[in-house]
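*Asks:* Next up is a structure, given as structure tokens.
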Amino acid sequence: MRVFANLDELAAAKGEHLGHGSWHEITQAEINLFADATGDHQWIHVDLEKAAAGPFGAPVAHGYLTLSLIPLLVRDIYTVQGLSMGVNYGLNKVRFPNPVVVGSRVRAGAELAEITDVQQGKQAVVKVTVEIEGNPKPACVAETVVLLVP
């Protein structure tokens with residue numbers, strides 16, 4: 001865990017890779033819950049038998065499930081002390097270069113790409129790469145935009 005004492009200290013890390021988070025296993029139960037929450041019950045995600053015979057050889061996580069795990073995957077990479085809140089502001093770019101097969105383990109790496117002053121505090125663009133254990137091609141690459149309020 002990289003700890004920044006304040007926003008100025010974080011700003012000084014612009015351009016740096018902040019580290020990697022812990023591994024998280026993608027389970028079928030997690031995929032099914034996401035399918036229920038979003039209404040996306042496509043067979044490649046939830047039909048075990050059909051997915052086993054499909055193009056990936058097993059069910060795969062929804063791309064948006066992988067994206068939605070970013071807060072979990074990043075939470076032990078870095079923190080900024082003295083904030084009243086951090087708010088997801090949006091995404092600049094998201095890509096899903098590789099499917100995540102059920103049972104795979106994923107983790108995030110984070111790089112502070114940009115940080116700018118805004119009225120409420122600072123806005124940071126953090127490039128997050130979600131890696132799949134044992135696979136050189138990432139599951140997700142996203143530029144997350146976060147509003148950091150002291």
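Naming works like this for the structure tokens: A, B, ... for the chains as they're shown, residue 1 at the start of each chain, ligands 1 onward in shown order.
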Please run DSSP on the backbone and report, as an NGL selection string, all residues within chain A that come out as helix (DSSP H, G or I).
*Replies:* :A and (7-11 or 28-38 or 43-46 or 48-52 or 63-68 or 70-74)
*Asks:* Given the selection you just returned, output its residues as a file containing N, CA and C atoms, formatted as a CSV table (one decimal), in the first residue's frame.
*Replies:*
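This went into result_28.csv:
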```csv
chain,number,residue,atom,x,y,z
A,7,LEU,N,-2.8,15.7,-0.9
A,7,LEU,CA,-3.0,15.8,-2.4
A,7,LEU,C,-1.7,16.3,-3.1
A,8,ASP,N,-1.0,17.1,-2.4
A,8,ASP,CA,0.3,17.6,-3.0
A,8,ASP,C,1.3,16.5,-3.2
A,9,GLU,N,1.3,15.6,-2.2
A,9,GLU,CA,2.3,14.5,-2.3
A,9,GLU,C,1.8,13.6,-3.4
A,10,LEU,N,0.5,13.4,-3.6
A,10,LEU,CA,0.0,12.6,-4.7
A,10,LEU,C,0.3,13.2,-6.0
A,11,ALA,N,0.2,14.5,-6.1
A,11,ALA,CA,0.4,15.2,-7.4
A,11,ALA,C,1.9,15.1,-7.8
A,28,GLN,N,-18.1,-18.3,-10.4
A,28,GLN,CA,-19.4,-18.4,-11.2
A,28,GLN,C,-20.5,-17.7,-10.4
A,29,ALA,N,-20.4,-17.8,-9.0
A,29,ALA,CA,-21.5,-17.1,-8.2
A,29,ALA,C,-21.4,-15.6,-8.4
A,30,GLU,N,-20.2,-15.1,-8.5
A,30,GLU,CA,-20.1,-13.6,-8.7
A,30,GLU,C,-20.6,-13.2,-10.1
A,31,ILE,N,-20.3,-14.1,-11.1
A,31,ILE,CA,-20.8,-13.8,-12.5
A,31,ILE,C,-22.3,-13.9,-12.5
A,32,ASN,N,-22.9,-14.9,-11.8
A,32,ASN,CA,-24.4,-15.0,-11.8
A,32,ASN,C,-25.0,-13.8,-11.1
A,33,LEU,N,-24.4,-13.4,-10.0
A,33,LEU,CA,-25.0,-12.2,-9.3
A,33,LEU,C,-24.9,-11.0,-10.2
A,34,PHE,N,-23.9,-10.8,-10.9
A,34,PHE,CA,-23.8,-9.6,-11.8
A,34,PHE,C,-24.8,-9.8,-12.9
A,35,ALA,N,-25.0,-11.0,-13.4
A,35,ALA,CA,-26.0,-11.2,-14.5
A,35,ALA,C,-27.4,-10.8,-13.9
A,36,ASP,N,-27.7,-11.2,-12.7
A,36,ASP,CA,-29.0,-10.9,-12.1
A,36,ASP,C,-29.1,-9.4,-11.9
A,37,ALA,N,-28.0,-8.7,-11.5
A,37,ALA,CA,-28.1,-7.3,-11.2
A,37,ALA,C,-28.3,-6.5,-12.5
A,38,THR,N,-27.7,-6.9,-13.6
A,38,THR,CA,-27.8,-6.2,-14.8
A,38,THR,C,-28.8,-6.7,-15.9
A,43,TRP,N,-25.5,-16.5,-22.6
A,43,TRP,CA,-25.0,-17.9,-22.3
A,43,TRP,C,-23.5,-17.9,-22.1
A,44,ILE,N,-22.7,-17.1,-22.7
A,44,ILE,CA,-21.3,-17.2,-22.5
A,44,ILE,C,-20.9,-16.9,-21.0
A,45,HIS,N,-21.8,-16.3,-20.3
A,45,HIS,CA,-21.6,-16.0,-18.8
A,45,HIS,C,-22.2,-17.0,-17.9
A,46,VAL,N,-23.4,-17.4,-18.2
A,46,VAL,CA,-24.2,-18.2,-17.2
A,46,VAL,C,-24.6,-19.6,-17.5
A,48,LEU,N,-23.3,-22.9,-18.1
A,48,LEU,CA,-22.1,-23.6,-17.9
A,48,LEU,C,-21.8,-24.7,-19.1
A,49,GLU,N,-22.8,-25.4,-19.4
A,49,GLU,CA,-22.7,-26.5,-20.4
A,49,GLU,C,-22.4,-25.9,-21.8
A,50,LYS,N,-23.2,-24.9,-22.2
A,50,LYS,CA,-23.0,-24.3,-23.5
A,50,LYS,C,-21.7,-23.5,-23.6
A,51,ALA,N,-21.4,-22.8,-22.5
A,51,ALA,CA,-20.1,-22.0,-22.5
A,51,ALA,C,-18.9,-22.9,-22.5
A,52,ALA,N,-19.0,-24.1,-21.9
A,52,ALA,CA,-17.9,-25.1,-22.0
A,52,ALA,C,-17.6,-25.5,-23.4
A,63,GLY,N,-17.6,-8.1,-19.3
A,63,GLY,CA,-16.6,-7.0,-19.3
A,63,GLY,C,-16.9,-6.0,-18.2
A,64,TYR,N,-18.2,-5.7,-18.1
A,64,TYR,CA,-18.6,-4.6,-17.1
A,64,TYR,C,-18.4,-5.1,-15.7
A,65,LEU,N,-18.5,-6.4,-15.5
A,65,LEU,CA,-18.2,-7.0,-14.2
A,65,LEU,C,-16.7,-6.7,-13.8
A,66,THR,N,-15.8,-7.0,-14.8
A,66,THR,CA,-14.4,-6.7,-14.6
A,66,THR,C,-14.2,-5.2,-14.3
A,67,LEU,N,-14.8,-4.4,-15.1
A,67,LEU,CA,-14.7,-2.9,-14.9
A,67,LEU,C,-15.2,-2.6,-13.5
A,68,SER,N,-16.3,-3.1,-13.1
A,68,SER,CA,-16.9,-2.8,-11.8
A,68,SER,C,-16.1,-3.2,-10.6
A,70,ILE,N,-12.9,-2.6,-10.3
A,70,ILE,CA,-11.8,-1.7,-10.2
A,70,ILE,C,-11.7,-1.1,-8.8
A,71,PRO,N,-12.7,-0.6,-8.1
A,71,PRO,CA,-12.6,-0.1,-6.8
A,71,PRO,C,-12.0,-1.1,-5.8
A,72,LEU,N,-12.5,-2.4,-5.9
A,72,LEU,CA,-12.0,-3.5,-5.0
A,72,LEU,C,-10.5,-3.8,-5.3
A,73,LEU,N,-10.2,-3.8,-6.6
A,73,LEU,CA,-8.9,-4.2,-7.0
A,73,LEU,C,-7.8,-3.1,-6.7
A,74,VAL,N,-8.2,-1.9,-6.7
A,74,VAL,CA,-7.3,-0.7,-6.5
A,74,VAL,C,-7.2,-0.3,-5.0
```
*Asks:* Write out as number ranges by chain the residues lying within 10 Å of range 106-122 of chain A, counting only C-alpha atoms and excluding same-chain residues fewer than 2 positions away.
*Replies:* A: 7-8, 10-26, 66, 69-78, 83, 86, 100, 103-104, 124-135, 138-150
*Asks:* Could you work out how far CA of Phe4 in chain A lies from CA of Val80 in chain A, giving the answer in Å with one decimal?
*Replies:*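 Interatomic distance, CA of Val80 in chain A to CA of Phe4 in chain A: 4.7 Å.
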*Asks:* How far is it from CA of Ala5 in chain A to CA of Lys93 in chain A, in Å with one decimal?
*Replies:*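 CA of Lys93 in chain A lies 28.7 Å from CA of Ala5 in chain A.
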*Asks:* From a DSSP pass on the backbone, collect the residues of range 16-53 of chain A flagged as strand (DSSP E or B) and hand them back as number ranges by chain.
*Replies:* A: 17-20, 24-25
*Asks:* Quote the spacing between CA of Arg95 in chain A and CA of Asp40 in chain A in Å to one decimal place.
*Replies:*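 Separation of CA of Arg95 in chain A and CA of Asp40 in chain A: 18.8 Å.
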